[in-house]
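Colleague: Following this line is data.pdb, made up of PDB, C-alpha atoms:
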```pdb
ATOM      1  CA  MET A  21      42.020  72.611  -7.607
ATOM      2  CA  ASN A  22      39.127  75.004  -7.937
ATOM      3  CA  ALA A  23      39.894  78.457  -6.571
ATOM      4  CA  VAL A  24      37.345  79.972  -4.218
ATOM      5  CA  THR A  25      36.285  83.597  -4.546
ATOM      6  CA  SER A  26      37.808  86.312  -2.386
ATOM      7  CA  HIS A  27      34.809  86.701  -0.067
ATOM      8  CA  GLU A  28      34.699  82.911   0.391
ATOM      9  CA  ALA A  29      38.419  82.692   1.163
ATOM     10  CA  SER A  30      38.118  85.226   3.967
ATOM     11  CA  PRO A  31      38.198  83.810   7.523
ATOM     12  CA  PHE A  32      34.755  85.332   7.878
ATOM     13  CA  GLY A  33      33.528  84.020   4.541
ATOM     14  CA  LEU A  34      31.253  81.386   6.035
ATOM     15  CA  LEU A  35      29.695  83.827   8.494
ATOM     16  CA  ALA A  36      29.239  86.467   5.792
ATOM     17  CA  ALA A  37      27.589  83.959   3.491
ATOM     18  CA  ARG A  38      25.128  83.012   6.234
ATOM     19  CA  ILE A  39      24.282  86.649   6.993
ATOM     20  CA  THR A  40      23.777  87.613   3.351
ATOM     21  CA  GLY A  41      22.026  84.379   2.472
ATOM     22  CA  ALA A  42      24.592  83.502  -0.207
ATOM     23  CA  GLN A  43      24.460  79.895  -1.347
ATOM     24  CA  LEU A  44      27.848  78.205  -1.092
ATOM     25  CA  GLY A  45      28.746  74.977  -2.808
ATOM     26  CA  ARG A  46      29.142  71.867  -0.678
ATOM     27  CA  ARG A  47      32.909  71.679  -1.261
ATOM     28  CA  THR A  48      33.426  75.388  -0.528
ATOM     29  CA  ARG A  49      31.387  75.183   2.662
ATOM     30  CA  MET A  50      33.371  72.155   3.807
ATOM     31  CA  LEU A  51      36.705  73.914   3.188
ATOM     32  CA  LEU A  52      35.632  77.044   5.043
ATOM     33  CA  GLU A  53      34.414  75.035   8.014
ATOM     34  CA  ARG A  54      37.854  73.433   8.198
ATOM     35  CA  GLY A  55      39.524  76.828   8.034
ATOM     36  CA  ASP A  56      41.226  76.221   4.677
ATOM     37  CA  SER A  57      41.780  78.858   2.057
ATOM     38  CA  PRO A  58      44.272  79.403  -0.762
ATOM     39  CA  ARG A  59      47.246  81.660  -0.258
ATOM     40  CA  SER A  60      46.941  84.999  -1.962
ATOM     41  CA  GLY A  61      48.445  84.797  -5.424
ATOM     42  CA  GLU A  62      49.310  81.076  -5.213
ATOM     43  CA  ARG A  63      47.207  78.029  -6.003
ATOM     44  CA  VAL A  64      48.152  76.202  -2.804
ATOM     45  CA  TRP A  65      46.431  75.976   0.565
ATOM     46  CA  ARG A  66      47.677  78.103   3.412
ATOM     47  CA  ASN A  67      49.913  76.412   6.019
ATOM     48  CA  SER A  68      51.500  74.357   3.253
ATOM     49  CA  TYR A  69      55.121  73.470   3.949
ATOM     50  CA  THR A  70      57.807  72.907   1.379
ATOM     51  CA  GLU A  71      58.099  69.253   0.454
ATOM     52  CA  GLY A  72      60.913  67.459   2.267
ATOM     53  CA  THR A  73      61.218  69.831   5.239
ATOM     54  CA  PHE A  74      58.875  68.615   7.988
ATOM     55  CA  GLU A  75      57.708  65.095   7.130
ATOM     56  CA  THR A  76      60.175  63.048   9.186
ATOM     57  CA  ARG A  77      59.871  65.378  12.157
ATOM     58  CA  ASP A  78      56.129  65.943  12.285
ATOM     59  CA  CYS A  79      54.572  62.995  10.452
ATOM     60  CA  TRP A  80      56.589  59.936   9.617
ATOM     61  CA  LYS A  81      57.540  57.652  12.476
ATOM     62  CA  ARG A  82      58.554  53.987  12.421
ATOM     63  CA  ILE A  83      55.570  51.673  12.919
ATOM     64  CA  ASN A  84      56.120  49.500  15.999
ATOM     65  CA  ASP A  85      59.564  47.874  15.491
ATOM     66  CA  GLY A  86      59.690  48.649  11.770
ATOM     67  CA  THR A  87      59.511  45.032  10.618
ATOM     68  CA  PRO A  88      56.695  43.712   8.376
ATOM     69  CA  ARG A  89      55.576  41.389  11.166
ATOM     70  CA  GLY A  90      55.675  44.063  13.862
ATOM     71  CA  GLY A  91      54.075  46.698  11.653
ATOM     72  CA  LYS A  92      51.285  44.371  10.602
ATOM     73  CA  ARG A  93      50.616  43.439  14.196
ATOM     74  CA  TRP A  94      50.359  47.114  15.196
ATOM     75  CA  THR A  95      48.075  48.110  12.335
ATOM     76  CA  SER A  96      45.871  45.020  12.678
ATOM     77  CA  ALA A  97      45.294  45.754  16.363
ATOM     78  CA  LEU A  98      44.387  49.377  15.685
ATOM     79  CA  LEU A  99      42.114  48.495  12.777
ATOM     80  CA  LYS A 100      40.265  46.065  15.024
ATOM     81  CA  ALA A 101      39.907  48.814  17.640
ATOM     82  CA  ALA A 102      38.690  51.276  14.985
ATOM     83  CA  LYS A 103      35.998  48.832  13.857
ATOM     84  CA  ALA A 104      34.897  48.323  17.459
ATOM     85  CA  LEU A 105      34.707  52.110  17.907
ATOM     86  CA  GLU A 106      32.607  52.402  14.773
ATOM     87  CA  VAL A 107      30.172  49.699  15.928
ATOM     88  CA  ARG A 108      29.810  51.230  19.386
ATOM     89  CA  THR A 109      29.305  54.804  18.221
ATOM     90  CA  ARG A 110      26.907  53.742  15.459
ATOM     91  CA  LYS A 111      24.796  51.942  18.062
ATOM     92  CA  GLU A 112      24.812  55.032  20.271
ATOM     93  CA  ARG A 113      23.741  57.245  17.392
ATOM     94  CA  ARG A 114      20.927  54.900  16.411
ATOM     95  CA  GLU A 115      19.514  55.197  19.902
ATOM     96  CA  GLN A 116      19.009  58.891  19.166
ATOM     97  CA  ASP A 117      18.388  58.602  15.421
ATOM     98  CA  PRO A 118      17.293  55.154  14.199
ATOM     99  CA  GLY A 119      18.193  56.108  10.643
ATOM    100  CA  SER A 120      21.904  56.689  11.353
ATOM    101  CA  ARG A 121      24.102  54.590   9.086
ATOM    102  CA  ASN A 122      27.543  55.521  10.422
ATOM    103  CA  GLY A 123      29.375  55.905  13.688
ATOM    104  CA  ALA A 124      32.330  58.167  14.501
ATOM    105  CA  LEU A 125      34.433  56.932  11.572
ATOM    106  CA  GLY A 126      31.910  55.724   9.054
ATOM    107  CA  GLU A 127      32.154  52.818   6.655
ATOM    108  CA  VAL A 128      34.377  54.803   4.301
ATOM    109  CA  GLY A 129      36.582  55.849   7.208
ATOM    110  CA  ILE A 130      37.277  52.199   8.048
ATOM    111  CA  GLU A 131      38.072  51.449   4.405
ATOM    112  CA  VAL A 132      40.428  54.428   4.155
ATOM    113  CA  LEU A 133      42.196  53.497   7.385
ATOM    114  CA  ALA A 134      42.628  49.889   6.259
ATOM    115  CA  TRP A 135      44.119  51.081   2.958
ATOM    116  CA  LEU A 136      46.527  53.440   4.736
ATOM    117  CA  TYR A 137      47.629  50.656   7.079
ATOM    118  CA  ASP A 138      48.359  48.405   4.093
ATOM    119  CA  THR A 139      50.223  51.150   2.245
ATOM    120  CA  VAL A 140      52.450  52.742   4.899
ATOM    121  CA  ASP A 141      56.165  51.923   4.963
ATOM    122  CA  TYR A 142      56.587  50.245   8.356
ATOM    123  CA  GLN A 143      60.291  51.019   8.555
ATOM    124  CA  THR A 144      60.031  54.772   8.004
ATOM    125  CA  GLY A 145      56.327  55.592   8.417
ATOM    126  CA  ARG A 146      56.373  57.233   4.978
ATOM    127  CA  LEU A 147      52.832  57.814   3.757
ATOM    128  CA  GLU A 148      51.947  60.407   1.108
ATOM    129  CA  PRO A 149      49.094  59.256  -1.154
ATOM    130  CA  ALA A 150      46.945  61.691  -3.098
ATOM    131  CA  ILE A 151      43.305  61.651  -2.065
ATOM    132  CA  ALA A 152      42.389  60.704  -5.636
ATOM    133  CA  THR A 153      44.716  57.697  -5.349
ATOM    134  CA  ILE A 154      42.933  56.495  -2.207
ATOM    135  CA  ALA A 155      39.532  57.080  -3.807
ATOM    136  CA  ASP A 156      40.459  55.046  -6.900
ATOM    137  CA  ALA A 157      41.956  52.250  -4.784
ATOM    138  CA  ILE A 158      38.875  51.702  -2.608
ATOM    139  CA  GLY A 159      36.278  52.655  -5.212
ATOM    140  CA  ARG A 160      34.866  55.691  -3.418
ATOM    141  CA  ALA A 161      34.234  59.302  -4.410
ATOM    142  CA  TYR A 162      36.890  61.920  -3.793
ATOM    143  CA  SER A 163      34.623  63.879  -1.449
ATOM    144  CA  ALA A 164      33.744  60.754   0.549
ATOM    145  CA  VAL A 165      37.431  59.971   1.088
ATOM    146  CA  HIS A 166      38.195  63.567   2.021
ATOM    147  CA  GLU A 167      35.443  63.597   4.632
ATOM    148  CA  ALA A 168      36.604  60.215   5.952
ATOM    149  CA  LEU A 169      40.131  61.562   6.425
ATOM    150  CA  VAL A 170      38.740  64.493   8.400
ATOM    151  CA  ARG A 171      36.864  62.070  10.693
ATOM    152  CA  LEU A 172      39.952  59.920  11.174
ATOM    153  CA  ARG A 173      41.950  63.002  12.142
ATOM    154  CA  ARG A 174      39.225  64.151  14.536
ATOM    155  CA  GLU A 175      39.217  60.759  16.291
ATOM    156  CA  GLY A 176      43.013  60.726  16.635
ATOM    157  CA  PHE A 177      43.963  58.022  14.130
ATOM    158  CA  LEU A 178      46.068  60.272  11.896
ATOM    159  CA  HIS A 179      47.182  63.777  11.118
ATOM    160  CA  TRP A 180      48.707  65.392   8.052
ATOM    161  CA  VAL A 181      50.936  68.153   6.827
ATOM    162  CA  ARG A 182      50.000  70.083   3.694
ATOM    163  CA  ARG A 183      52.904  70.398   1.273
ATOM    164  CA  SER A 184      53.946  72.340  -1.779
ATOM    165  CA  ARG A 185      57.008  72.436  -4.006
ATOM    166  CA  PRO A 186      58.603  75.174  -6.131
ATOM    167  CA  ILE A 187      57.689  75.030  -9.811
ATOM    168  CA  GLU A 188      60.641  74.485 -12.096
ATOM    169  CA  ASN A 189      61.003  77.285 -14.630
ATOM    170  CA  PRO A 190      57.793  79.121 -13.651
ATOM    171  CA  GLU A 191      56.259  81.512 -16.135
ATOM    172  CA  PRO A 192      56.863  85.198 -15.391
ATOM    173  CA  GLY A 193      54.046  86.489 -13.225
ATOM    174  CA  GLY A 194      52.630  82.969 -12.823
ATOM    175  CA  PRO A 195      52.486  80.664  -9.793
ATOM    176  CA  GLN A 196      55.834  79.965  -8.173
ATOM    177  CA  VAL A 197      54.779  76.868  -6.207
ATOM    178  CA  GLU A 198      52.382  73.975  -6.682
ATOM    179  CA  GLN A 199      50.420  71.809  -4.295
ATOM    180  CA  VAL A 200      51.597  68.217  -3.752
ATOM    181  CA  PRO A 201      49.899  65.385  -1.810
ATOM    182  CA  ASN A 202      49.784  65.650   1.961
ATOM    183  CA  ALA A 203      52.196  63.786   4.193
ATOM    184  CA  TYR A 204      50.188  61.600   6.606
ATOM    185  CA  GLY A 205      51.220  60.443  10.051
ATOM    186  CA  LEU A 206      49.535  57.449  11.687
ATOM    187  CA  LEU A 207      48.657  57.938  15.348
ATOM    188  CA  VAL A 208      47.248  55.980  18.274
ATOM    189  CA  PRO A 209      44.125  57.624  19.741
ATOM    190  CA  GLU A 210      44.737  58.791  23.291
ATOM    191  CA  GLY A 211      42.254  56.377  24.827
ATOM    192  CA  MET A 212      43.840  53.379  23.087
ATOM    193  CA  LYS A 213      47.508  53.913  23.971
ATOM    194  CA  ASP A 214      47.586  51.900  27.211
ATOM    195  CA  TRP A 215      45.528  49.124  25.652
ATOM    196  CA  LEU A 216      47.804  48.884  22.625
ATOM    197  CA  ALA A 217      50.968  48.959  24.753
ATOM    198  CA  ALA A 218      49.655  46.079  26.873
ATOM    199  CA  LEU A 219      48.600  44.117  23.795
ATOM    200  CA  ILE A 220      51.738  44.615  21.723
ATOM    201  CA  GLY A 221      54.255  44.722  24.555
ATOM    202  CA  LYS A 222      57.917  45.170  23.821
ATOM    203  CA  PRO A 223      58.786  44.515  20.171
ATOM    204  CA  PRO A 224      60.921  41.431  19.489
ATOM    205  CA  VAL A 225      64.669  42.023  19.486
ATOM    206  CA  PRO A 226      66.108  41.820  15.938
ATOM    207  CA  GLU A 227      68.387  38.832  15.263
ATOM    208  CA  CYS A 228      71.400  41.069  14.658
ATOM    209  CA  GLU A 229      70.908  42.647  18.083
ATOM    210  CA  GLN A 230      70.506  39.213  19.684
ATOM    211  CA  ASP A 231      73.808  38.088  18.125
ATOM    212  CA  ARG A 232      75.559  41.239  19.342
ATOM    213  CA  ARG A 233      74.321  40.695  22.890
ATOM    214  CA  LYS A 234      75.441  37.050  22.811
ATOM    215  CA  ARG A 235      78.937  38.076  21.688
ATOM    216  CA  GLU A 236      79.164  40.697  24.413
ATOM    217  CA  HIS A 237      77.970  38.213  27.032
ATOM    218  CA  ALA A 238      80.490  35.578  25.894
ATOM    219  CA  ALA A 239      83.326  38.109  25.996
ATOM    220  CA  PHE A 240      82.268  39.231  29.477
ATOM    221  CA  GLU A 241      82.131  35.663  30.780
ATOM    222  CA  SER A 242      85.569  34.953  29.286
ATOM    223  CA  MET A 243      86.982  38.007  31.019
ATOM    224  CA  LEU A 244      85.501  36.991  34.372
ATOM    225  CA  ALA A 245      86.890  33.464  34.014
ATOM    226  CA  HIS A 246      90.423  34.885  34.007
ATOM    227  CA  MET A 247      89.897  37.259  36.927
ATOM    228  CA  THR A 248      90.322  36.655  40.654
ATOM    229  CA  ALA A 249      87.319  36.734  42.934
ATOM    230  CA  GLU A 250      88.397  40.151  44.215
ATOM    231  CA  GLY A 251      88.791  41.388  40.667
ATOM    232  CA  ARG A 252      85.340  40.149  39.696
ATOM    233  CA  HIS A 253      83.853  41.919  42.670
ATOM    234  CA  ALA A 254      85.583  45.180  41.815
ATOM    235  CA  SER A 255      84.374  45.022  38.192
ATOM    236  CA  THR A 256      80.726  44.355  38.968
ATOM    237  CA  TRP A 257      79.883  45.846  42.387
ATOM    238  CA  ASN A 258      78.248  49.280  42.437
ATOM    239  CA  GLY A 259      76.096  49.107  45.550
ATOM    240  CA  ASP A 260      76.453  49.946  49.257
ATOM    241  CA  GLU A 261      80.006  50.987  50.222
ATOM    242  CA  LEU A 262      80.113  49.156  53.575
ATOM    243  CA  LEU A 263      78.652  45.959  52.162
ATOM    244  CA  GLY A 264      80.956  46.278  49.198
ATOM    245  CA  GLU A 265      84.032  46.398  51.455
ATOM    246  CA  THR A 266      82.796  43.321  53.318
ATOM    247  CA  LEU A 267      82.325  41.439  50.059
ATOM    248  CA  ARG A 268      85.768  42.595  48.863
ATOM    249  CA  ARG A 269      87.421  41.130  51.963
ATOM    250  CA  LEU A 270      85.471  37.909  51.503
ATOM    251  CA  ALA A 271      86.603  37.740  47.873
ATOM    252  CA  ALA A 272      90.215  38.315  48.939
ATOM    253  CA  ALA A 273      89.929  35.457  51.451
ATOM    254  CA  ILE A 274      88.603  33.180  48.716
ATOM    255  CA  ASP A 275      91.570  34.125  46.532
ATOM    256  CA  ARG A 276      94.013  33.266  49.360
ATOM    257  CA  ARG A 277      92.312  29.941  49.856
ATOM    258  CA  ASP A 278      92.375  29.165  46.160
ATOM    259  CA  SER A 279      96.036  30.110  45.899
ATOM    260  CA  HIS A 280      96.883  27.130  48.120
ATOM    261  CA  LYS A 281      94.919  24.629  46.088
ATOM    262  CA  GLY A 282      97.197  22.200  44.353
ATOM    263  CA  GLU A 283     100.131  22.890  46.667
ATOM    264  CA  SER A 284     101.634  19.858  48.306
ATOM    265  CA  GLY A 285     100.912  19.164  51.957
ATOM    266  CA  ARG A 286     103.997  17.034  52.401
ATOM    267  CA  ALA A 287     106.658  18.072  54.893
ATOM    268  CA  ARG A 288     109.205  20.667  53.810
ATOM    269  CA  GLU A 289     107.111  21.752  50.743
ATOM    270  CA  ILE A 290     105.237  24.984  50.334
ATOM    271  CA  GLY A 291     102.018  24.880  52.273
ATOM    272  CA  GLY A 292     103.034  21.775  54.187
ATOM    273  CA  VAL A 293     103.653  21.324  57.843
ATOM    274  CA  VAL A 294     107.304  21.070  58.876
ATOM    275  CA  PRO A 295     107.752  18.781  61.837
ATOM    276  CA  THR A 296     109.501  20.289  64.825
ATOM    277  CA  PRO A 297     112.846  18.604  65.402
ATOM    278  CA  GLU A 298     113.136  16.779  68.726
TER     279      GLU A 298
END
```
As a first step, turn the structure in this file into structure tokens.

Modeller:
Amino acid sequence: MNAVTSHEASPFGLLAARITGAQLGRRTRMLLERGDSPRSGERVWRNSYTEGTFETRDCWKRINDGTPRGGKRWTSALLKAAKALEVRTRKERREQDPGSRNGALGEVGIEVLAWLYDTVDYQTGRLEPAIATIADAIGRAYSAVHEALVRLRREGFLHWVRRSRPIENPEPGGPQVEQVPNAYGLLVPEGMKDWLAALIGKPPVPECEQDRRKREHAAFESMLAHMTAEGRHASTWNGDELLGETLRRLAAAIDRRDSHKGESGRAREIGGVVPTPE
């Protein structure tokens, strides 16, 4: 990483350069516009968090239901939406400037997003590629990928956390930490959330969960089969108190009726009619 000079690293560096007429390099100007600058005395960007402390809380979330099928469905839908956004915004820009080649995301932005969608771990959401890795994978320049990531963040498709890690056995008086690749979190743009929820719907229930529910249902049905009507009512009713008491009495009557089933109706036996002696 190339260090920027002290006047460039200042929060007012860009403004000062404009006032004095200083010529800043393209990369330096881009970093200052984003508000980035190295920490004093360390070769890492400010707001860098120690690796392993914030990723799972602030970045990495399971993609859809975490399965390859569910994750692919989620990312495919969003990539299709991103391409549609690019086409629409490019058309709008060309109405103002016929020479415009890109929309809100740009051609490189779509390529970067597609690569991230193919790379992310659906189960955990883990995503931490170096920008150089992305650039090599899609055959684009480092700066083009960096700018594409900024556009994707601006449009709500992702965000990232800058990270650093302590250097093992640092030299006395030398840097104590080093920069490591960002942790990226994939997001759904605000305007696409309802659309995606309607399209994807509820994720399919995993087979293990289906089996567990079947076992619970079978056990519940077995329990009810060995209960009286009044007992079944007491175990399942949680509604109106007055109606519940009425249903309880009805269940008790059914139990009394059932208790006589199978009893003999012949004279002098339980449940039978004993003739009155003359």

Colleague: Got a sec: who's within 9 Å of Ala164 in chain A, counting all atoms listed in the file, leaving out chain neighbours fewer than 6 positions off, as a PyMOL selection string?

Modeller: chain A and resi 128-129+155

Colleague: Those same residues - C-alpha atoms - I'd like them written as an mmCIF file, in the frame of the given file.

Modeller:
```cif
data_model
loop_
_atom_site.group_PDB
_atom_site.id
_atom_site.type_symbol
_atom_site.label_atom_id
_atom_site.label_comp_id
_atom_site.auth_asym_id
_atom_site.auth_seq_id
_atom_site.Cartn_x
_atom_site.Cartn_y
_atom_site.Cartn_z
ATOM 1 C CA VAL A 128 34.377 54.803 4.301
ATOM 2 C CA GLY A 129 36.582 55.849 7.208
ATOM 3 C CA ALA A 155 39.532 57.080 -3.807
#
```

Colleague: Take the PyMOL selection byres ((chain A and resi 90-95) around 9), run it mentally on this structure, and tell me the resulting residues as a ChimeraX atom specification.

Modeller: /A:82-89,96-100,134,137-138,141-143,216,220,223-224

Colleague: Using all atoms listed in the file, can you tell me which of A:Gly205, A:Gly159, A:Gly126, A:Pro186 comes closest to Ala102 in chain A?

Modeller: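 Ranked by minimum distance to Ala102 in chain A, first place goes to A:Gly126.
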
Colleague: Quick check, in Å to one decimal: how far apart do CA of Glu115 in chain A and CA of Arg174 in chain A lie?

Modeller: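 Distance between the two atoms: 22.3 Å.
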
Colleague: Carefully work through the PyMOL selection byres ((chain A and resi 109) around 12) for this structure and note down the residues it includes, as an MDAnalysis selection string.

Modeller: chainID A and resid 102:108 110:117 120:126 175

Colleague: Around (53.1, 63.4, 2.3), as given in the file, which residues come within 7 Å? Count all atoms listed in the file and list them as a list of chain:residue names.

Modeller: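 All residues meeting the 7 Å criterion around (53.1, 63.4, 2.3) are A:Glu75, A:Leu147, A:Glu148, A:Pro149, A:Val181, A:Pro201, A:Asn202, A:Ala203, A:Tyr204.
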
Colleague: Rounded to one decimal, what separation in Å do you get between CA of Trp180 in chain A and CA of Glu210 in chain A?

Modeller: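 Going from CA of Trp180 in chain A over to CA of Glu210 in chain A covers 17.1 Å.
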